[in-house]
>>> print(open('start.csv').read())   # CSV, C-alpha atoms and all ligand atoms
chain,number,residue,atom,x,y,z
A,1,MET,CA,-22.4,-34.1,1.4
A,2,PRO,CA,-18.6,-34.5,1.3
A,3,ALA,CA,-16.7,-31.8,-0.6
A,4,ASP,CA,-15.2,-34.3,-3.1
A,5,LEU,CA,-18.7,-35.6,-4.1
A,6,LEU,CA,-19.9,-32.0,-4.5
A,7,ALA,CA,-16.9,-31.3,-6.6
A,8,GLY,CA,-18.0,-34.1,-8.9
A,9,LEU,CA,-21.5,-32.6,-9.3
A,10,GLU,CA,-20.8,-28.9,-9.4
A,11,PRO,CA,-19.1,-27.5,-12.5
A,12,SER,CA,-15.8,-25.8,-11.6
A,13,PRO,CA,-15.8,-22.1,-12.3
A,14,PRO,CA,-15.4,-21.4,-16.0
A,15,ALA,CA,-11.9,-20.6,-17.1
A,16,ARG,CA,-13.3,-17.9,-19.4
A,17,GLU,CA,-16.1,-15.6,-18.3
A,18,GLY,CA,-17.6,-13.4,-20.9
A,19,LEU,CA,-18.1,-9.8,-19.7
A,20,GLY,CA,-19.4,-8.3,-22.9
A,21,PRO,CA,-18.9,-8.6,-26.7
A,22,GLY,CA,-15.2,-9.5,-27.1
A,23,ALA,CA,-14.4,-9.1,-23.4
A,24,VAL,CA,-13.2,-12.1,-21.5
A,25,ALA,CA,-12.4,-12.4,-17.8
A,26,LEU,CA,-9.8,-15.0,-16.7
A,27,ARG,CA,-10.4,-15.0,-12.9
A,28,GLY,CA,-7.3,-15.6,-10.8
A,29,TRP,CA,-5.2,-16.2,-13.9
A,30,ALA,CA,-2.2,-14.2,-12.7
A,31,LEU,CA,-2.1,-15.6,-9.2
A,32,ALA,CA,0.9,-17.9,-9.8
A,33,LEU,CA,2.8,-14.9,-11.2
A,34,VAL,CA,2.1,-12.4,-8.5
A,35,PRO,CA,5.6,-12.4,-6.9
A,36,ALA,CA,7.2,-11.9,-10.4
A,37,LEU,CA,4.7,-9.2,-11.3
A,38,LEU,CA,5.2,-7.3,-8.1
A,39,SER,CA,9.0,-7.3,-8.5
A,40,ALA,CA,8.6,-6.2,-12.1
A,41,VAL,CA,6.4,-3.2,-10.9
A,42,ASP,CA,9.0,-2.4,-8.3
A,43,GLN,CA,11.8,-2.4,-10.9
A,44,VAL,CA,9.7,-0.2,-13.2
A,45,ALA,CA,8.8,2.3,-10.4
A,46,GLU,CA,12.5,2.6,-9.4
A,47,ALA,CA,13.3,4.0,-12.9
A,48,ALA,CA,10.0,5.8,-13.5
A,49,PRO,CA,8.4,6.7,-10.2
A,50,PHE,CA,4.6,6.7,-9.7
A,51,ARG,CA,3.2,10.2,-10.1
A,52,HIS,CA,-0.1,12.0,-10.2
A,53,MET,CA,-0.6,13.4,-13.7
A,54,VAL,CA,-2.7,16.4,-14.5
A,55,THR,CA,-5.7,16.2,-16.9
A,56,PRO,CA,-6.1,18.7,-19.8
A,57,GLY,CA,-8.7,20.4,-17.6
A,58,GLY,CA,-6.1,21.0,-14.9
A,59,PHE,CA,-7.2,18.4,-12.3
A,60,GLU,CA,-4.6,16.1,-10.6
A,61,MET,CA,-5.6,12.5,-11.0
A,62,SER,CA,-6.3,10.6,-7.8
A,63,VAL,CA,-4.7,7.5,-9.4
A,64,ALA,CA,-0.9,7.4,-9.4
A,65,MET,CA,0.7,6.2,-12.7
A,66,THR,CA,3.8,5.0,-14.3
A,67,ASN,CA,4.6,3.1,-17.5
A,68,CYS,CA,7.0,0.7,-19.1
A,69,GLY,CA,7.6,-0.3,-22.7
A,70,ALA,CA,8.4,1.6,-25.9
A,71,ALA,CA,5.6,4.0,-25.3
A,72,GLY,CA,3.9,5.3,-22.1
A,73,TRP,CA,0.5,7.0,-21.6
A,74,VAL,CA,0.7,10.5,-20.4
A,75,THR,CA,-1.6,13.4,-19.7
A,76,ASP,CA,-0.8,17.1,-19.0
A,77,ARG,CA,-2.4,20.5,-19.8
A,78,HIS,CA,-1.8,19.8,-23.5
A,79,GLY,CA,-3.8,16.5,-23.7
A,80,TYR,CA,-3.6,12.7,-23.5
A,81,ARG,CA,-1.1,10.9,-25.6
A,82,TYR,CA,1.6,8.2,-25.8
A,83,ALA,CA,5.2,9.3,-25.4
A,84,ALA,CA,8.5,7.5,-25.8
A,85,ASP,CA,10.1,9.4,-23.0
A,86,ASP,CA,9.0,9.9,-19.4
A,87,PRO,CA,8.3,13.6,-19.0
A,88,MET,CA,9.4,13.4,-15.3
A,89,THR,CA,12.9,12.0,-16.0
A,90,GLY,CA,13.4,12.9,-19.6
A,91,ARG,CA,14.5,9.3,-20.3
A,92,PRO,CA,12.8,6.6,-22.2
A,93,TRP,CA,10.3,4.6,-20.2
A,94,PRO,CA,11.9,1.4,-18.7
A,95,ALA,CA,11.7,-1.7,-20.9
A,96,MET,CA,8.7,-3.9,-20.5
A,97,PRO,CA,9.7,-6.8,-18.2
A,98,GLY,CA,9.3,-10.2,-20.0
A,99,VAL,CA,6.9,-11.5,-17.5
A,100,LEU,CA,4.4,-8.7,-18.4
A,101,ARG,CA,4.8,-9.2,-22.1
A,102,ASP,CA,4.5,-13.0,-21.9
A,103,LEU,CA,1.4,-12.9,-19.6
A,104,ALA,CA,-0.4,-10.5,-21.9
A,105,GLN,CA,0.4,-12.5,-25.0
A,106,ALA,CA,-0.8,-15.7,-23.3
A,107,ALA,CA,-4.0,-14.2,-21.9
A,108,ALA,CA,-4.9,-12.6,-25.2
A,109,GLU,CA,-4.4,-15.9,-26.9
A,110,GLU,CA,-6.5,-17.7,-24.3
A,111,ALA,CA,-9.3,-15.1,-24.9
A,112,GLY,CA,-9.2,-15.6,-28.7
A,113,TYR,CA,-6.7,-12.9,-29.7
A,114,PRO,CA,-3.6,-14.7,-31.0
A,115,GLY,CA,-0.6,-12.6,-32.0
A,116,PHE,CA,-0.9,-9.8,-29.5
A,117,HIS,CA,2.4,-8.0,-29.0
A,118,PRO,CA,2.0,-5.2,-26.4
A,119,ASP,CA,4.4,-2.2,-26.7
A,120,ALA,CA,3.1,-0.2,-23.7
A,121,CYS,CA,2.1,-1.0,-20.1
A,122,LEU,CA,0.3,1.6,-18.0
A,123,VAL,CA,0.5,0.9,-14.3
A,124,ASN,CA,-2.2,2.4,-12.1
A,125,ARG,CA,-1.9,2.6,-8.4
A,126,TYR,CA,-5.0,3.2,-6.3
A,127,GLU,CA,-5.1,4.2,-2.6
A,128,PRO,CA,-8.4,4.4,-0.7
A,129,GLY,CA,-10.6,7.0,-2.3
A,130,ALA,CA,-8.8,7.0,-5.7
A,131,ARG,CA,-11.1,6.5,-8.7
A,132,LEU,CA,-11.2,6.6,-12.5
A,133,THR,CA,-14.2,8.3,-14.0
A,134,LEU,CA,-16.1,6.8,-16.9
A,135,HIS,CA,-13.9,7.1,-20.1
A,136,GLN,CA,-13.0,5.4,-23.3
A,137,ASP,CA,-9.4,4.3,-24.2
A,138,ARG,CA,-8.9,5.8,-27.6
A,139,ASP,CA,-5.3,7.1,-27.7
A,140,GLU,CA,-3.9,4.0,-29.3
A,141,ARG,CA,-3.2,4.1,-33.0
A,142,ASP,CA,-5.0,0.9,-34.0
A,143,ARG,CA,-7.9,0.2,-31.7
A,144,GLY,CA,-8.4,-3.2,-33.4
A,145,HIS,CA,-5.8,-4.6,-30.8
A,146,PRO,CA,-7.2,-5.8,-27.5
A,147,ILE,CA,-6.1,-4.5,-24.1
A,148,VAL,CA,-5.1,-6.9,-21.3
A,149,SER,CA,-5.7,-5.8,-17.7
A,150,VAL,CA,-4.2,-7.4,-14.6
A,151,SER,CA,-5.6,-6.5,-11.1
A,152,LEU,CA,-3.5,-6.9,-7.9
A,153,GLY,CA,-4.1,-6.0,-4.3
A,154,LEU,CA,-7.5,-4.7,-3.0
A,155,SER,CA,-10.6,-5.5,-5.0
A,156,ALA,CA,-12.3,-2.7,-6.9
A,157,THR,CA,-15.7,-2.1,-8.5
A,158,PHE,CA,-15.3,-1.8,-12.2
A,159,GLN,CA,-18.0,0.1,-14.1
A,160,PHE,CA,-18.7,-1.2,-17.6
A,161,GLY,CA,-21.0,0.7,-19.9
A,162,GLY,CA,-21.3,0.8,-23.6
A,163,LEU,CA,-20.3,2.7,-26.7
A,164,LYS,CA,-22.3,5.8,-25.7
A,165,ARG,CA,-21.5,7.6,-22.5
A,166,THR,CA,-25.2,7.4,-21.5
A,167,ASP,CA,-25.5,3.6,-22.0
A,168,PRO,CA,-26.4,1.7,-18.8
A,169,VAL,CA,-23.4,0.8,-16.6
A,170,ARG,CA,-22.9,-2.6,-14.9
A,171,ARG,CA,-20.7,-3.1,-11.8
A,172,ILE,CA,-18.2,-5.9,-12.0
A,173,PRO,CA,-15.8,-6.7,-9.1
A,174,LEU,CA,-12.1,-7.0,-10.1
A,175,ALA,CA,-10.0,-9.0,-7.6
A,176,HIS,CA,-6.4,-9.8,-6.9
A,177,GLY,CA,-5.0,-12.0,-9.8
A,178,ASP,CA,-7.9,-11.3,-12.2
A,179,VAL,CA,-6.9,-10.9,-15.8
A,180,VAL,CA,-9.4,-9.4,-18.3
A,181,VAL,CA,-9.0,-9.2,-22.1
A,182,TRP,CA,-10.9,-6.3,-23.7
A,183,GLY,CA,-11.3,-6.7,-27.5
A,184,GLY,CA,-13.9,-6.5,-30.2
A,185,PRO,CA,-16.7,-4.1,-29.6
A,186,SER,CA,-16.0,-3.9,-25.9
A,187,ARG,CA,-12.6,-2.3,-26.7
A,188,LEU,CA,-14.4,1.1,-27.1
A,189,PHE,CA,-16.9,0.7,-24.3
A,190,HIS,CA,-17.0,3.3,-21.6
A,191,HIS,CA,-15.5,2.1,-18.3
A,192,GLY,CA,-14.3,3.3,-14.9
A,193,ILE,CA,-13.4,2.4,-11.4
A,194,LEU,CA,-15.4,3.5,-8.3
A,195,PRO,CA,-13.6,5.1,-5.4
A,196,LEU,CA,-11.4,2.4,-3.8
A,197,LYS,CA,-12.7,1.3,-0.4
A,198,ASP,CA,-10.4,1.1,2.5
A,199,GLY,CA,-8.9,-2.3,3.3
A,200,ALA,CA,-5.8,-4.2,4.0
A,201,HIS,CA,-4.5,-6.7,1.4
A,202,PRO,CA,-2.0,-9.2,2.8
A,203,LEU,CA,0.6,-8.4,0.1
A,204,LEU,CA,-0.2,-4.8,-0.9
A,205,GLY,CA,-1.7,-3.2,2.2
A,206,ALA,CA,-4.2,-0.4,1.4
A,207,ARG,CA,-3.5,-0.5,-2.3
A,208,ARG,CA,-4.6,-1.7,-5.6
A,209,LEU,CA,-2.4,-2.0,-8.7
A,210,ASN,CA,-3.8,-2.3,-12.2
A,211,LEU,CA,-1.6,-3.1,-15.2
A,212,THR,CA,-2.9,-2.5,-18.7
A,213,LEU,CA,-0.9,-4.0,-21.6
A,214,ARG,CA,-1.5,-2.3,-24.9
A,215,ARG,CA,-0.5,-2.0,-28.4
A,216,ALA,CA,-0.2,1.8,-28.6
A,217,LEU,CA,2.1,2.5,-31.7
B,1,LIG,C1,-12.4,-1.7,-21.2
B,1,LIG,N1,-7.9,1.1,-16.0
B,1,LIG,O1,-6.0,2.3,-17.5
B,1,LIG,S1,-8.8,-2.0,-16.0
B,1,LIG,C2,-7.2,2.4,-17.9
B,1,LIG,O2,-8.6,-0.7,-13.1
B,1,LIG,C3,-8.3,1.8,-17.1
B,1,LIG,O3,-7.1,0.9,-13.5
B,1,LIG,C4,-8.9,0.6,-15.0
B,1,LIG,O4,-9.4,2.0,-17.4
B,1,LIG,C5,-8.1,0.2,-13.8
B,1,LIG,O5,-7.5,3.0,-18.9
B,1,LIG,C6,-9.7,-0.5,-15.6
B,1,LIG,C7,-10.0,-2.7,-17.1
B,1,LIG,C8,-10.0,-2.0,-18.5
B,1,LIG,C9,-8.9,-1.5,-19.0
B,1,LIG,C10,-8.9,-1.0,-20.3
B,1,LIG,C11,-10.1,-1.0,-21.1
B,1,LIG,C12,-11.1,-2.1,-19.2
B,1,LIG,C13,-11.2,-1.6,-20.5
B,1,LIG,C14,-10.2,-0.6,-22.4
B,1,LIG,C15,-11.3,-0.7,-23.1
B,1,LIG,C16,-12.4,-1.3,-22.5
B,2,FE,FE,-9.4,2.8,-19.5
>>> encode(input="start.csv", output="structure tokens")
Amino acid sequence: MPADLLAGLEPSPPAREGLGPGAVALRGWALALVPALLSAVDQVAEAAPFRHMVTPGGFEMSVAMTNCGAAGWVTDRHGYRYAADDPMTGRPWPAMPGVLRDLAQAAAEEAGYPGFHPDACLVNRYEPGARLTLHQDRDERDRGHPIVSVSLGLSATFQFGGLKRTDPVRRIPLAHGDVVVWGGPSRLFHHGILPLKDGAHPLLGARRLNLTLRRAL
């Protein structure tokens, strides 16, 4: 059957895909903005380089991180927290580029969370083997605000559990251009990223970037 006839019969992929209570995937939503997003990340990393932070337990994270916005997420031997200054440079984190702020606000609205104004963006950089063990995001002051995530580069397997660490975990692929809005009950669900598999993305090579836009303060 010709493709145009099939297109008339088959529903196009849904714009909004529910992943859990209050969690909405907008697949490919950031694709048109990729060049602007990548140059925004380059500009941020020039002022605040990617680095491997140390957990309170003394382990160096396999994911390299930087931040932009009024506050940035940091970890060291003293704990996890948001800080106004980059501990590596002693200067404030670079300002949040408008393209990030606007994308996050529009995605949150599309997912049913109008009036989202992020003040922090954590940028995670994965190379093959890098992973993020199951955790909750609970360092933000008001966890009633959603978090917007944007995935770029190599695909990763996201683990999505529940409120309890021992709740069953689903595996969900996150691909280049995918935007997910995590609000409601899902906002406090455990989640992680399995070790990144080797590969070559046409734009990013053997890398994955994940941007999370947050209301931290
Ligand atoms: C569900 N980042 O930075 S993005 C993190 O791909 C983090 O780098 C992962 O977990 C990454 O904290 C996952 C998807 C994501 C981000 C934040 C969440 C899912 C979330 C917060 C609450 C619930
Ligand atoms: Fe997280």
>>> residues_near_ligand(input="start.csv", ligand="ligand FE 2 (chain B)", cutoff="7 Å", atoms="only C-alpha atoms and all ligand atoms", output="PDB file with C-alpha atoms, in the coordinates of the input")
ATOM      1  CA  HIS A 135     -13.900   7.100 -20.100  1.00  0.00           C
ATOM      2  CA  GLN A 136     -13.000   5.400 -23.300  1.00  0.00           C
ATOM      3  CA  ASP A 137      -9.400   4.300 -24.200  1.00  0.00           C
ATOM      4  CA  HIS A 191     -15.500   2.100 -18.300  1.00  0.00           C
ATOM      5  CA  GLY A 192     -14.300   3.300 -14.900  1.00  0.00           C
TER       6      GLY A 192
END
>>> closest_atom_pairs(input="start.csv", of="chain A", to="ligand LIG 1 (chain B)", cutoff="6 Å", atoms="only C-alpha atoms and all ligand atoms", output="JSON lines")
{"residue": "A:Asn124", "atom": "CA", "partner": "B:LIG1", "partner_atom": "O3", "distance": 5.3}
{"residue": "A:Asp137", "atom": "CA", "partner": "B:LIG1", "partner_atom": "C14", "distance": 5.3}
{"residue": "A:Ile147", "atom": "CA", "partner": "B:LIG1", "partner_atom": "C10", "distance": 5.9}
{"residue": "A:Ser149", "atom": "CA", "partner": "B:LIG1", "partner_atom": "S1", "distance": 5.2}
{"residue": "A:Trp182", "atom": "CA", "partner": "B:LIG1", "partner_atom": "C16", "distance": 5.4}
{"residue": "A:Ser186", "atom": "CA", "partner": "B:LIG1", "partner_atom": "C16", "distance": 5.6}
{"residue": "A:Arg187", "atom": "CA", "partner": "B:LIG1", "partner_atom": "C15", "distance": 4.1}
{"residue": "A:Leu188", "atom": "CA", "partner": "B:LIG1", "partner_atom": "C15", "distance": 5.4}
{"residue": "A:Phe189", "atom": "CA", "partner": "B:LIG1", "partner_atom": "C16", "distance": 5.2}
{"residue": "A:His191", "atom": "CA", "partner": "B:LIG1", "partner_atom": "C1", "distance": 5.7}
{"residue": "A:Gly192", "atom": "CA", "partner": "B:LIG1", "partner_atom": "O4", "distance": 5.7}
{"residue": "A:Ile193", "atom": "CA", "partner": "B:LIG1", "partner_atom": "O2", "distance": 6.0}
{"residue": "A:Asn210", "atom": "CA", "partner": "B:LIG1", "partner_atom": "O3", "distance": 4.8}
{"residue": "A:Thr212", "atom": "CA", "partner": "B:LIG1", "partner_atom": "O1", "distance": 5.8}
>>> closest_residue(input="start.csv", among="A:Gln105, A:Thr55, A:Ser62, A:Thr89", to="Arg215 of chain A", atoms="only C-alpha atoms")
A:Gln105
>>> residues_near_point(input="start.csv", point="(-8.6, 10.3, -31.9)", cutoff="12 Å", atoms="only C-alpha atoms", output="JSON, numbers by chain")
{"A": [79, 80, 81, 136, 137, 138, 139, 140, 141, 142, 143, 188]}
>>> residues_around(input="start.csv", residues="Val74 of chain A", least_positions_apart="2", cutoff="10 Å", atoms="only C-alpha atoms", output="count of residues only")
19
>>> closest_residue(input="start.csv", among="A:Pro185, A:Gly112, A:Pro56, A:Gly177", to="Leu209 of chain A", atoms="all atoms listed in the file")
A:Gly177
>>> atom_distance(input="start.csv", atom1="atom CA of Arg165 of chain A", atom2="atom CA of His190 of chain A")
6.3 Å
>>> atom_distance(input="start.csv", atom1="atom CA of Arg125 of chain A", atom2="atom CA of Thr166 of chain A")
27.2 Å
>>> closest_residue(input="start.csv", among="A:Val41, A:Gly58, A:Leu211, A:Val148", to="Pro97 of chain A", atoms="only C-alpha atoms")
A:Val41
>>> atom_distance(input="start.csv", atom1="atom CA of Phe50 of chain A", atom2="atom CA of Gly69 of chain A")
15.1 Å
